[in-house]
$ cat input-v6.cif   # mmCIF, C-alpha atoms and all ligand atoms
data_model
loop_
_atom_site.group_PDB
_atom_site.id
_atom_site.type_symbol
_atom_site.label_atom_id
_atom_site.label_comp_id
_atom_site.auth_asym_id
_atom_site.auth_seq_id
_atom_site.Cartn_x
_atom_site.Cartn_y
_atom_site.Cartn_z
ATOM 1 C CA MET A 289 104.678 96.729 148.777
ATOM 2 C CA ILE A 290 103.186 100.224 148.408
ATOM 3 C CA GLN A 291 105.667 100.876 145.571
ATOM 4 C CA ILE A 292 104.633 97.644 143.786
ATOM 5 C CA MET A 293 100.948 98.573 144.150
ATOM 6 C CA THR A 294 101.573 102.084 142.793
ATOM 7 C CA GLN A 295 103.485 100.640 139.830
ATOM 8 C CA ARG A 296 100.625 98.185 139.129
ATOM 9 C CA LYS A 297 98.096 101.037 139.298
ATOM 10 C CA GLN A 298 100.196 103.034 136.840
ATOM 11 C CA THR A 299 100.450 100.061 134.433
ATOM 12 C CA VAL A 300 96.678 99.467 134.586
ATOM 13 C CA ALA A 301 96.035 103.187 134.036
ATOM 14 C CA HIS A 302 98.484 103.254 131.112
ATOM 15 C CA LYS A 303 96.790 100.213 129.521
ATOM 16 C CA LYS A 304 93.396 101.884 129.950
ATOM 17 C CA VAL A 305 94.596 105.087 128.274
ATOM 18 C CA THR A 306 96.166 103.068 125.470
ATOM 19 C CA LYS A 307 92.940 101.124 124.865
ATOM 20 C CA GLU A 308 90.827 104.291 125.000
ATOM 21 C CA SER A 309 93.041 106.157 122.577
ATOM 22 C CA GLU A 310 93.095 103.152 120.213
ATOM 23 C CA ALA A 311 89.302 102.978 120.330
ATOM 24 C CA MET A 312 89.112 106.719 119.627
ATOM 25 C CA SER A 313 91.513 106.394 116.715
ATOM 26 C CA VAL A 314 89.395 103.604 115.185
ATOM 27 C CA MET A 315 86.197 105.610 115.577
ATOM 28 C CA SER A 316 87.596 108.832 114.260
ATOM 29 C CA GLY A 317 89.603 107.110 111.547
ATOM 30 C CA ARG A 318 92.632 109.146 112.676
ATOM 31 C CA ASP A 319 95.992 107.751 113.712
ATOM 32 C CA THR A 320 97.383 108.417 117.100
ATOM 33 C CA ALA A 321 100.921 108.141 118.316
ATOM 34 C CA VAL A 322 99.910 105.028 120.238
ATOM 35 C CA SER A 323 98.203 103.128 117.408
ATOM 36 C CA ASN A 324 100.819 103.822 114.735
ATOM 37 C CA PRO A 325 104.570 103.642 114.767
ATOM 38 C CA PRO A 326 106.197 106.947 113.645
ATOM 39 C CA LYS A 327 107.352 105.495 110.278
ATOM 40 C CA ARG A 328 103.826 104.519 109.256
ATOM 41 C CA ARG A 329 102.512 107.901 110.423
ATOM 42 C CA ASP A 330 105.128 109.695 108.286
ATOM 43 C CA ARG A 331 104.144 107.573 105.306
ATOM 44 C CA LYS A 332 100.463 108.446 105.791
ATOM 45 C CA GLN A 333 101.278 112.140 106.046
ATOM 46 C CA THR A 334 103.389 112.015 102.868
ATOM 47 C CA ALA A 335 100.556 110.167 101.091
ATOM 48 C CA LYS A 336 98.111 112.888 102.177
ATOM 49 C CA LEU A 337 100.442 115.633 100.975
ATOM 50 C CA LEU A 338 100.985 113.891 97.628
ATOM 51 C CA THR A 339 97.220 113.520 97.202
ATOM 52 C CA TRP A 340 96.773 117.271 97.740
ATOM 53 C CA VAL A 341 99.562 118.070 95.276
ATOM 54 C CA THR A 342 97.944 115.723 92.727
ATOM 55 C CA HIS A 343 94.511 117.352 93.095
ATOM 56 C CA LEU A 344 95.938 120.864 92.828
ATOM 57 C CA GLY A 345 98.318 119.983 89.992
ATOM 58 C CA ALA A 346 95.575 118.321 87.961
ATOM 59 C CA TRP A 347 93.498 121.530 87.868
ATOM 60 C CA VAL A 348 96.433 123.734 86.809
ATOM 61 C CA PRO A 349 96.278 122.888 83.041
ATOM 62 C CA LEU A 350 92.557 123.702 82.992
ATOM 63 C CA ALA A 351 93.132 126.973 84.878
ATOM 64 C CA VAL A 352 95.910 127.901 82.399
ATOM 65 C CA LEU A 353 93.613 127.106 79.466
ATOM 66 C CA ILE A 354 90.793 129.248 80.885
ATOM 67 C CA ALA A 355 93.237 132.106 81.598
ATOM 68 C CA GLU A 356 94.635 131.882 78.036
ATOM 69 C CA TYR A 357 91.085 131.920 76.636
ATOM 70 C CA PHE A 358 90.067 135.051 78.561
ATOM 71 C CA THR A 359 93.317 136.854 77.732
ATOM 72 C CA ASN A 360 93.090 135.930 74.007
ATOM 73 C CA ASN A 361 96.317 133.963 74.175
ATOM 74 C CA LEU A 362 95.167 130.826 72.376
ATOM 75 C CA GLY A 363 96.760 131.829 69.064
ATOM 76 C CA ILE A 364 95.235 131.983 65.603
ATOM 77 C CA ASP A 365 93.490 128.593 65.905
ATOM 78 C CA PRO A 366 92.085 128.465 69.466
ATOM 79 C CA VAL A 367 90.098 125.233 68.912
ATOM 80 C CA ARG A 368 93.209 123.384 67.752
ATOM 81 C CA GLU A 369 95.139 124.828 70.705
ATOM 82 C CA ILE A 370 92.453 123.565 73.125
ATOM 83 C CA LEU A 371 92.609 120.124 71.442
ATOM 84 C CA PHE A 372 96.398 120.020 71.862
ATOM 85 C CA HIS A 373 96.265 121.263 75.440
ATOM 86 C CA THR A 374 93.561 118.836 76.660
ATOM 87 C CA GLY A 375 94.998 115.902 74.660
ATOM 88 C CA THR A 376 98.523 116.388 76.013
ATOM 89 C CA THR A 377 97.282 116.790 79.597
ATOM 90 C CA ALA A 378 95.182 113.620 79.312
ATOM 91 C CA LEU A 379 98.179 111.695 77.977
ATOM 92 C CA VAL A 380 100.520 112.967 80.712
ATOM 93 C CA LEU A 381 98.003 111.990 83.417
ATOM 94 C CA LEU A 382 97.516 108.550 81.872
ATOM 95 C CA VAL A 383 101.293 108.006 81.843
ATOM 96 C CA LEU A 384 101.552 109.187 85.471
ATOM 97 C CA SER A 385 98.811 106.798 86.595
ATOM 98 C CA LEU A 386 100.630 103.986 84.796
ATOM 99 C CA ALA A 387 103.861 105.019 86.564
ATOM 100 C CA VAL A 388 102.456 104.486 90.073
ATOM 101 C CA THR A 389 103.175 100.746 90.328
ATOM 102 C CA PRO A 390 106.684 100.926 88.747
ATOM 103 C CA VAL A 391 107.602 103.795 91.133
ATOM 104 C CA ASN A 392 106.574 101.570 94.035
ATOM 105 C CA ILE A 393 108.555 98.647 92.580
ATOM 106 C CA VAL A 394 111.735 100.681 91.968
ATOM 107 C CA PHE A 395 111.758 102.956 95.045
ATOM 108 C CA GLY A 396 109.434 101.129 97.424
ATOM 109 C CA TRP A 397 107.305 104.288 97.821
ATOM 110 C CA LYS A 398 103.942 102.863 98.844
ATOM 111 C CA GLN A 399 102.718 106.424 99.433
ATOM 112 C CA VAL A 400 102.160 106.875 95.704
ATOM 113 C CA ILE A 401 99.651 104.004 95.382
ATOM 114 C CA PRO A 402 96.565 106.060 96.421
ATOM 115 C CA LEU A 403 97.381 108.535 93.619
ATOM 116 C CA ARG A 404 96.522 106.076 90.866
ATOM 117 C CA ARG A 405 92.749 106.604 91.108
ATOM 118 C CA PRO A 406 92.707 110.444 91.060
ATOM 119 C CA LEU A 407 95.298 110.495 88.255
ATOM 120 C CA GLY A 408 93.163 108.123 86.170
ATOM 121 C CA LEU A 409 89.973 110.076 86.858
ATOM 122 C CA TYR A 410 91.574 113.424 86.006
ATOM 123 C CA ALA A 411 92.901 111.872 82.780
ATOM 124 C CA PHE A 412 89.326 110.845 81.991
ATOM 125 C CA MET A 413 88.114 114.385 82.714
ATOM 126 C CA TYR A 414 90.620 115.868 80.244
ATOM 127 C CA VAL A 415 89.753 113.242 77.598
ATOM 128 C CA CYS A 416 86.067 114.248 78.007
ATOM 129 C CA LEU A 417 87.007 117.922 77.501
ATOM 130 C CA HIS A 418 89.151 116.910 74.499
ATOM 131 C CA LEU A 419 86.251 114.970 72.966
ATOM 132 C CA LEU A 420 83.752 117.781 73.672
ATOM 133 C CA THR A 421 86.106 120.272 72.012
ATOM 134 C CA PHE A 422 86.260 118.043 68.929
ATOM 135 C CA LEU A 423 82.493 117.410 68.776
ATOM 136 C CA GLY A 424 81.240 120.846 69.875
ATOM 137 C CA LEU A 425 83.793 123.552 69.107
ATOM 138 C CA ASP A 426 85.358 121.947 66.038
ATOM 139 C CA TYR A 427 82.296 120.291 64.451
ATOM 140 C CA GLY A 428 79.346 122.096 66.094
ATOM 141 C CA PHE A 429 77.764 118.722 67.068
ATOM 142 C CA ASP A 430 76.824 118.245 63.396
ATOM 143 C CA LEU A 431 76.743 114.460 62.881
ATOM 144 C CA SER A 432 77.358 114.344 59.108
ATOM 145 C CA PHE A 433 80.168 116.877 59.492
ATOM 146 C CA ILE A 434 81.663 114.763 62.328
ATOM 147 C CA VAL A 435 81.509 111.568 60.195
ATOM 148 C CA ASP A 436 83.331 113.407 57.373
ATOM 149 C CA GLY A 437 85.935 114.616 59.888
ATOM 150 C CA ILE A 438 86.533 111.059 61.128
ATOM 151 C CA VAL A 439 86.860 109.688 57.567
ATOM 152 C CA GLU A 440 89.422 112.417 56.826
ATOM 153 C CA GLN A 441 91.294 111.822 60.100
ATOM 154 C CA PRO A 442 91.209 108.078 60.944
ATOM 155 C CA PHE A 443 93.437 108.669 64.023
ATOM 156 C CA VAL A 444 90.269 110.069 65.648
ATOM 157 C CA LEU A 445 88.778 106.541 65.626
ATOM 158 C CA VAL A 446 91.728 105.231 67.647
ATOM 159 C CA GLY A 447 91.280 108.095 70.128
ATOM 160 C CA THR A 448 87.574 107.273 70.359
ATOM 161 C CA ALA A 449 88.385 103.615 71.109
ATOM 162 C CA ALA A 450 90.701 104.766 73.930
ATOM 163 C CA PHE A 451 87.951 107.037 75.276
ATOM 164 C CA LEU A 452 85.295 104.269 75.159
ATOM 165 C CA LEU A 453 87.589 101.880 77.038
ATOM 166 C CA LEU A 454 88.230 104.538 79.684
ATOM 167 C CA VAL A 455 84.499 104.854 80.464
ATOM 168 C CA PRO A 456 84.058 101.479 82.280
ATOM 169 C CA LEU A 457 87.318 102.051 84.158
ATOM 170 C CA ALA A 458 86.150 105.455 85.413
ATOM 171 C CA ILE A 459 82.748 104.049 86.445
ATOM 172 C CA THR A 460 84.214 101.059 88.311
ATOM 173 C CA SER A 461 87.021 103.006 89.977
ATOM 174 C CA THR A 462 85.162 103.211 93.317
ATOM 175 C CA LYS A 463 85.804 100.897 96.297
ATOM 176 C CA GLY A 464 82.196 99.629 96.025
ATOM 177 C CA TRP A 465 82.746 98.427 92.447
ATOM 178 C CA GLN A 466 86.116 96.979 93.408
ATOM 179 C CA LYS A 467 84.401 94.828 96.057
ATOM 180 C CA ARG A 468 81.489 93.894 93.795
ATOM 181 C CA LEU A 469 83.709 92.762 90.921
ATOM 182 C CA GLY A 470 86.327 90.994 93.076
ATOM 183 C CA LYS A 471 89.018 89.358 90.922
ATOM 184 C CA GLN A 472 87.373 90.590 87.722
ATOM 185 C CA TRP A 473 88.114 94.187 88.776
ATOM 186 C CA LYS A 474 91.863 93.668 88.318
ATOM 187 C CA THR A 475 91.327 91.996 84.950
ATOM 188 C CA LEU A 476 89.066 94.853 83.816
ATOM 189 C CA HIS A 477 91.545 97.503 84.923
ATOM 190 C CA LYS A 478 94.299 95.847 82.881
ATOM 191 C CA LEU A 479 92.543 97.624 79.989
ATOM 192 C CA SER A 480 94.564 100.674 81.025
ATOM 193 C CA TYR A 481 97.578 99.144 79.175
ATOM 194 C CA LEU A 482 95.561 98.936 75.962
ATOM 195 C CA ILE A 483 94.228 102.470 76.496
ATOM 196 C CA ILE A 484 97.710 103.981 76.737
ATOM 197 C CA VAL A 485 98.838 102.069 73.628
ATOM 198 C CA LEU A 486 95.793 103.354 71.695
ATOM 199 C CA ALA A 487 96.438 106.903 72.935
ATOM 200 C CA LEU A 488 100.041 106.656 71.709
ATOM 201 C CA ILE A 489 98.937 105.334 68.292
ATOM 202 C CA HIS A 490 96.440 108.243 68.121
ATOM 203 C CA PHE A 491 99.244 110.718 68.829
ATOM 204 C CA ILE A 492 101.874 109.146 66.529
ATOM 205 C CA TRP A 493 99.347 108.902 63.690
ATOM 206 C CA LEU A 494 98.299 112.547 63.884
ATOM 207 C CA VAL A 495 101.688 114.264 64.161
ATOM 208 C CA LYS A 496 102.978 113.811 60.590
ATOM 209 C CA ASN A 497 106.781 113.964 60.326
ATOM 210 C CA VAL A 498 107.951 115.215 63.760
ATOM 211 C CA TYR A 499 107.917 112.135 65.939
ATOM 212 C CA ILE A 500 110.113 113.395 68.795
ATOM 213 C CA GLU A 501 107.322 114.193 71.302
ATOM 214 C CA PRO A 502 105.244 111.031 70.798
ATOM 215 C CA GLY A 503 108.538 109.096 70.668
ATOM 216 C CA ILE A 504 109.454 110.371 74.156
ATOM 217 C CA TYR A 505 106.043 109.306 75.529
ATOM 218 C CA ALA A 506 106.357 105.905 73.812
ATOM 219 C CA GLY A 507 109.841 105.431 75.326
ATOM 220 C CA ILE A 508 108.601 106.245 78.844
ATOM 221 C CA VAL A 509 105.585 103.932 78.459
ATOM 222 C CA GLY A 510 107.913 101.180 77.160
ATOM 223 C CA LEU A 511 110.109 101.506 80.277
ATOM 224 C CA LEU A 512 107.042 101.460 82.545
ATOM 225 C CA PHE A 513 105.791 98.275 80.873
ATOM 226 C CA LEU A 514 109.250 96.739 81.239
ATOM 227 C CA ALA A 515 109.305 97.468 84.996
ATOM 228 C CA ARG A 516 106.027 95.542 85.354
ATOM 229 C CA TRP A 517 107.353 92.495 83.472
ATOM 230 C CA ASN A 518 107.891 89.813 86.112
ATOM 231 C CA PRO A 519 111.603 88.940 85.532
ATOM 232 C CA VAL A 520 112.539 92.668 85.511
ATOM 233 C CA LYS A 521 110.170 93.383 88.418
ATOM 234 C CA GLN A 522 111.809 90.682 90.587
ATOM 235 C CA LYS A 523 115.291 92.038 89.821
ATOM 236 C CA LEU A 524 114.206 95.596 90.699
ATOM 237 C CA LEU A 525 112.622 94.405 93.944
ATOM 238 C CA ARG A 526 115.843 92.552 94.880
ATOM 239 C CA TRP A 527 117.926 95.706 94.221
ATOM 240 C CA GLN A 528 115.529 97.768 96.252
ATOM 241 C CA ARG A 529 115.816 95.362 99.232
ATOM 242 C CA GLN A 530 119.634 95.290 99.004
ATOM 243 C CA ILE A 531 119.876 99.103 98.956
ATOM 244 C CA ARG A 532 117.484 99.365 101.908
ATOM 245 C CA THR A 533 119.464 96.888 104.032
ATOM 246 C CA ARG A 534 122.711 98.654 103.131
ATOM 247 C CA LEU A 535 121.226 102.016 104.152
ATOM 248 C CA LYS A 536 119.897 100.534 107.406
ATOM 249 C CA ASN A 537 123.294 99.062 108.289
ATOM 250 C CA SER A 538 125.285 102.196 107.454
HETATM 251 C C1 LIG B 601 92.539 108.555 75.715
HETATM 252 C C2 LIG B 601 92.086 109.346 74.759
HETATM 253 C C3 LIG B 601 92.877 110.408 74.038
HETATM 254 C C4 LIG B 601 94.128 110.900 74.270
HETATM 255 C C5 LIG B 601 95.097 110.536 75.392
HETATM 256 C C6 LIG B 601 94.386 111.900 73.273
HETATM 257 C C7 LIG B 601 95.556 112.627 73.159
HETATM 258 C C8 LIG B 601 95.833 113.526 72.148
HETATM 259 C C9 LIG B 601 97.099 114.177 71.985
HETATM 260 C C10 LIG B 601 98.300 113.991 72.887
HETATM 261 C C11 LIG B 601 96.983 115.013 70.924
HETATM 262 C C12 LIG B 601 98.087 115.876 70.305
HETATM 263 C C13 LIG B 601 98.445 117.048 71.126
HETATM 264 C C14 LIG B 601 99.636 117.758 70.544
HETATM 265 O O1 LIG B 601 99.930 117.645 69.339
HETATM 266 O O2 LIG B 601 100.316 118.453 71.337
HETATM 267 C C15 LIG B 601 95.634 114.879 70.411
HETATM 268 C C16 LIG B 601 95.139 115.579 69.323
HETATM 269 C C17 LIG B 601 93.882 115.402 68.821
HETATM 270 N N1 LIG B 601 92.941 114.513 69.258
HETATM 271 FE FE1 LIG B 601 93.099 113.256 70.812
HETATM 272 N N2 LIG B 601 93.281 112.017 72.451
HETATM 273 C C18 LIG B 601 92.344 111.108 72.887
HETATM 274 C C19 LIG B 601 91.087 110.907 72.356
HETATM 275 C C20 LIG B 601 90.556 111.629 71.309
HETATM 276 C C21 LIG B 601 89.196 111.550 70.858
HETATM 277 C C22 LIG B 601 88.126 110.663 71.511
HETATM 278 C C23 LIG B 601 89.071 112.424 69.819
HETATM 279 C C24 LIG B 601 87.865 112.742 69.012
HETATM 280 C C25 LIG B 601 86.791 112.014 68.907
HETATM 281 C C26 LIG B 601 90.350 113.043 69.611
HETATM 282 C C27 LIG B 601 90.639 113.983 68.631
HETATM 283 C C28 LIG B 601 91.815 114.664 68.487
HETATM 284 C C29 LIG B 601 92.050 115.687 67.492
HETATM 285 C C30 LIG B 601 91.077 116.155 66.442
HETATM 286 C C31 LIG B 601 93.360 116.157 67.699
HETATM 287 C C32 LIG B 601 94.071 117.295 66.985
HETATM 288 C C33 LIG B 601 94.662 116.867 65.676
HETATM 289 C C34 LIG B 601 95.238 118.044 64.913
HETATM 290 O O3 LIG B 601 94.534 118.985 64.675
HETATM 291 O O4 LIG B 601 96.420 117.985 64.582
HETATM 292 N N3 LIG B 601 91.225 112.557 70.546
HETATM 293 N N4 LIG B 601 94.978 113.956 71.171
#

$ encode --input "input-v6.cif" --output "C-alpha cells"
Amino acid sequence: MIQIMTQRKQTVAHKKVTKESEAMSVMSGRDTAVSNPPKRRDRKQTAKLLTWVTHLGAWVPLAVLIAEYFTNNLGIDPVREILFHTGTTALVLLVLSLAVTPVNIVFGWKQVIPLRRPLGLYAFMYVCLHLLTFLGLDYGFDLSFIVDGIVEQPFVLVGTAAFLLLVPLAITSTKGWQKRLGKQWKTLHKLSYLIIVLALIHFIWLVKNVYIEPGIYAGIVGLLFLARWNPVKQKLLRWQRQIRTRLKNS
C-alpha cells in the first residue's frame, strides 16, 4: 500500500514537473527535452546553424569587395568590377532562395525553409548596391546621362524591371504582411519566378559572345523550375519516401 502511494506521488510529481517545464518552454519560446522529441530538436538546431551560416556567408562578398577597394585590387575599371561583383552575388542569392523548396522536395530537409527569407532579402540588398553603383558611381546621378546609358544598353531596362518587382516582395516579406495578405501573399511571391527569368535575360543580353556562365545559371534555374512542376514534384516526393523507408528498415 505504502509502495503504491509512493509510486502515485512520484507520478503526480513527474506530471507536475512536465507541465511546469512545458509552460516554461512556451513562455521562453525555447524547446526543452520534455516538449520536443530529440529528432525535432536536432532539426531546429540544424536550422539555427544554417541561418547563422547564411547570415555570415551573405556578408562575405561585401567584405571582400570592401577589402579589394581599400587594397586597390579592383583592377583598371573598379566601377565595372563592382557592378560585376554585386550583380553576380545578387543572382547567386536569388538562385539559392529559389532552390529552397526543391531542396526540401528532393531531400526532405525542412531545415532549409527558414533560409528563403534572408536569402531573398540579401539578394535585394545586393541588387540595391548594384543599382546604386550604376546610378551613382557610373553615371554620377545625372539623369540625362543615365537615360543615354539605358538607350545604349537596353539590358539595363530588364534589370530595372527585375529590381522593381523585387521591391514589393522585400516589403511584404514579414510575417505581419503574410498574415495581412493571406492567400494573396503566395500569389504575389510567385513573382520571384519572373524576377529570376528577367535577371537571367539581363545577364545573357549583356555578356556578348561568351554564354557559358549565364548558361550555367539558366540550366540550374531550369532544373529548379522542373522540380517544382507537379508531375516531377510528385515523383521526387515518392522517391524520397521510398529511400527514407528503406533507410529506416536497414
Ligand atoms: C534582379 C536584378 C539584377 C540582377 C540579378 C543583376 C545581375 C547582373 C549580373 C549577373 C551582371 C553581370 C556580372 C558579370 O558579368 O559577372 C550584371 C551586370 C550589370 N548590370 Fe545588373 N542585375 C540586376 C539589375 C540591374 C539594374 C537595376 C541595373 C541598372 C539600372 C543593372 C545594371 C547592370 C550593368 C550596367 C552591368 C554591367 C554591364 C557591363 O558593363 O558589362 N543591373 N547584372

$ residues_near_ligand --input "input-v6.cif" --ligand "ligand LIG 601 (chain B)" --cutoff "6 Å" --atoms "all atoms listed in the file" --output "PyMOL selection string"
chain A and resi 368+371-372+375-376+378-379+415+419+422+444+447-448+450-451+487+491+494

$ closest_residue --input "input-v6.cif" --among "A:Ser480, A:Thr334, A:Gln522, A:Gln528" --to "Arg405 (chain A)" --atoms "all atoms listed in the file"
A:Ser480

$ residues_around --input "input-v6.cif" --residues "Val388 (chain A)" --least-positions-apart "3" --cutoff "12 Å" --atoms "only C-alpha atoms" --output "MDAnalysis selection string"
chainID A and resid 381:385 391:408 512:513 515:516

$ atom_distance --input "input-v6.cif" --atom1 "CA of Gly470 (chain A)" --atom2 "CA of Pro456 (chain A)"
15.2 Å

$ atom_distance --input "input-v6.cif" --atom1 "CA of Pro519 (chain A)" --atom2 "CA of Leu486 (chain A)"
25.5 Å

$ atom_distance --input "input-v6.cif" --atom1 "CA of Gly428 (chain A)" --atom2 "CA of Val498 (chain A)"
29.5 Å

$ resolve_selection --input "input-v6.cif" --expression "the PyMOL selection byres (((chain A and resi 458) around 9) and not hetatm)" --output "mmCIF file with C-alpha atoms, in the frame of the given file"
data_model
loop_
_atom_site.group_PDB
_atom_site.id
_atom_site.type_symbol
_atom_site.label_atom_id
_atom_site.label_comp_id
_atom_site.auth_asym_id
_atom_site.auth_seq_id
_atom_site.Cartn_x
_atom_site.Cartn_y
_atom_site.Cartn_z
ATOM 1 C CA ARG A 405 92.749 106.604 91.108
ATOM 2 C CA GLY A 408 93.163 108.123 86.170
ATOM 3 C CA LEU A 409 89.973 110.076 86.858
ATOM 4 C CA PHE A 412 89.326 110.845 81.991
ATOM 5 C CA LEU A 454 88.230 104.538 79.684
ATOM 6 C CA VAL A 455 84.499 104.854 80.464
ATOM 7 C CA PRO A 456 84.058 101.479 82.280
ATOM 8 C CA LEU A 457 87.318 102.051 84.158
ATOM 9 C CA ILE A 459 82.748 104.049 86.445
ATOM 10 C CA THR A 460 84.214 101.059 88.311
ATOM 11 C CA SER A 461 87.021 103.006 89.977
ATOM 12 C CA THR A 462 85.162 103.211 93.317
#

$ resolve_selection --input "input-v6.cif" --expression "the PyMOL selection byres (((chain A and resi 342-350) around 9) and not hetatm)" --output "list of chain:residue names"
A:Leu337, A:Leu338, A:Thr339, A:Trp340, A:Val341, A:Ala351, A:Val352, A:Leu353, A:Ile354, A:Ala355, A:His373, A:Thr374, A:Thr377, A:Leu381, A:Leu403, A:Pro406, A:Leu407, A:Tyr410, A:Ala411, A:Tyr414

$ axis_aligned_box --input "input-v6.cif" --around "region 450-462 of chain A" --padding-each-side "5 Å" --output "AutoDock Vina command-line options"
--center_x 86.7 --center_y 104.0 --center_z 83.6 --size_x 18.0 --size_y 16.0 --size_z 29.4

$ closest_residue --input "input-v6.cif" --among "A:Leu431, A:Gln441, A:Lys471, A:Gly507" --to "His490 (chain A)" --atoms "only C-alpha atoms"
A:Gln441

$ closest_residue --input "input-v6.cif" --among "A:Ala506, A:Ile500, A:Leu524, A:Leu514" --to "Leu488 (chain A)" --atoms "only C-alpha atoms"
A:Ala506

$ decode --input "input-v6.cif" --residues "region 485-534 of chain A" --atoms "C-alpha atoms" --output "PDB file, in the first residue's frame"
ATOM      1  CA  VAL A 485      13.883  34.952 -65.541  1.00  0.00           C
ATOM      2  CA  LEU A 486      14.333  38.723 -66.026  1.00  0.00           C
ATOM      3  CA  ALA A 487      17.673  38.615 -64.186  1.00  0.00           C
ATOM      4  CA  LEU A 488      18.834  35.814 -66.499  1.00  0.00           C
ATOM      5  CA  ILE A 489      17.728  37.736 -69.617  1.00  0.00           C
ATOM      6  CA  HIS A 490      19.617  40.782 -68.248  1.00  0.00           C
ATOM      7  CA  PHE A 491      22.762  38.676 -67.845  1.00  0.00           C
ATOM      8  CA  ILE A 492      22.518  36.795 -71.174  1.00  0.00           C
ATOM      9  CA  TRP A 493      21.851  40.047 -73.042  1.00  0.00           C
ATOM     10  CA  LEU A 494      24.861  41.862 -71.604  1.00  0.00           C
ATOM     11  CA  VAL A 495      27.560  39.199 -71.973  1.00  0.00           C
ATOM     12  CA  LYS A 496      28.090  39.282 -75.760  1.00  0.00           C
ATOM     13  CA  ASN A 497      29.552  36.045 -77.152  1.00  0.00           C
ATOM     14  CA  VAL A 498      30.613  34.039 -74.057  1.00  0.00           C
ATOM     15  CA  TYR A 499      27.420  32.437 -72.841  1.00  0.00           C
ATOM     16  CA  ILE A 500      28.919  29.740 -70.594  1.00  0.00           C
ATOM     17  CA  GLU A 501      28.358  31.482 -67.223  1.00  0.00           C
ATOM     18  CA  PRO A 502      24.789  32.687 -67.843  1.00  0.00           C
ATOM     19  CA  GLY A 503      24.118  29.303 -69.488  1.00  0.00           C
ATOM     20  CA  ILE A 504      25.107  27.507 -66.259  1.00  0.00           C
ATOM     21  CA  TYR A 505      22.769  29.738 -64.207  1.00  0.00           C
ATOM     22  CA  ALA A 506      19.958  29.214 -66.745  1.00  0.00           C
ATOM     23  CA  GLY A 507      20.472  25.425 -66.573  1.00  0.00           C
ATOM     24  CA  ILE A 508      20.302  25.411 -62.759  1.00  0.00           C
ATOM     25  CA  VAL A 509      17.190  27.627 -62.758  1.00  0.00           C
ATOM     26  CA  GLY A 510      15.602  25.327 -65.378  1.00  0.00           C
ATOM     27  CA  LEU A 511      16.194  22.286 -63.132  1.00  0.00           C
ATOM     28  CA  LEU A 512      14.789  24.142 -60.109  1.00  0.00           C
ATOM     29  CA  PHE A 513      11.646  25.046 -62.061  1.00  0.00           C
ATOM     30  CA  LEU A 514      11.330  21.434 -63.202  1.00  0.00           C
ATOM     31  CA  ALA A 515      11.482  20.158 -59.597  1.00  0.00           C
ATOM     32  CA  ARG A 516       8.534  22.428 -58.735  1.00  0.00           C
ATOM     33  CA  TRP A 517       6.419  21.160 -61.651  1.00  0.00           C
ATOM     34  CA  ASN A 518       3.723  18.981 -60.091  1.00  0.00           C
ATOM     35  CA  PRO A 519       4.245  15.674 -62.006  1.00  0.00           C
ATOM     36  CA  VAL A 520       8.032  15.831 -61.366  1.00  0.00           C
ATOM     37  CA  LYS A 521       7.477  17.025 -57.782  1.00  0.00           C
ATOM     38  CA  GLN A 522       5.203  14.041 -57.003  1.00  0.00           C
ATOM     39  CA  LYS A 523       7.748  11.595 -58.447  1.00  0.00           C
ATOM     40  CA  LEU A 524      10.566  13.161 -56.393  1.00  0.00           C
ATOM     41  CA  LEU A 525       8.454  13.030 -53.235  1.00  0.00           C
ATOM     42  CA  ARG A 526       7.680   9.331 -53.860  1.00  0.00           C
ATOM     43  CA  TRP A 527      11.412   8.558 -54.308  1.00  0.00           C
ATOM     44  CA  GLN A 528      12.229  10.462 -51.173  1.00  0.00           C
ATOM     45  CA  ARG A 529       9.655   8.449 -49.153  1.00  0.00           C
ATOM     46  CA  GLN A 530      10.907   5.127 -50.575  1.00  0.00           C
ATOM     47  CA  ILE A 531      14.543   5.932 -49.719  1.00  0.00           C
ATOM     48  CA  ARG A 532      13.554   7.011 -46.204  1.00  0.00           C
ATOM     49  CA  THR A 533      11.609   3.800 -45.514  1.00  0.00           C
ATOM     50  CA  ARG A 534      14.475   1.721 -46.903  1.00  0.00           C
TER      51      ARG A 534
END
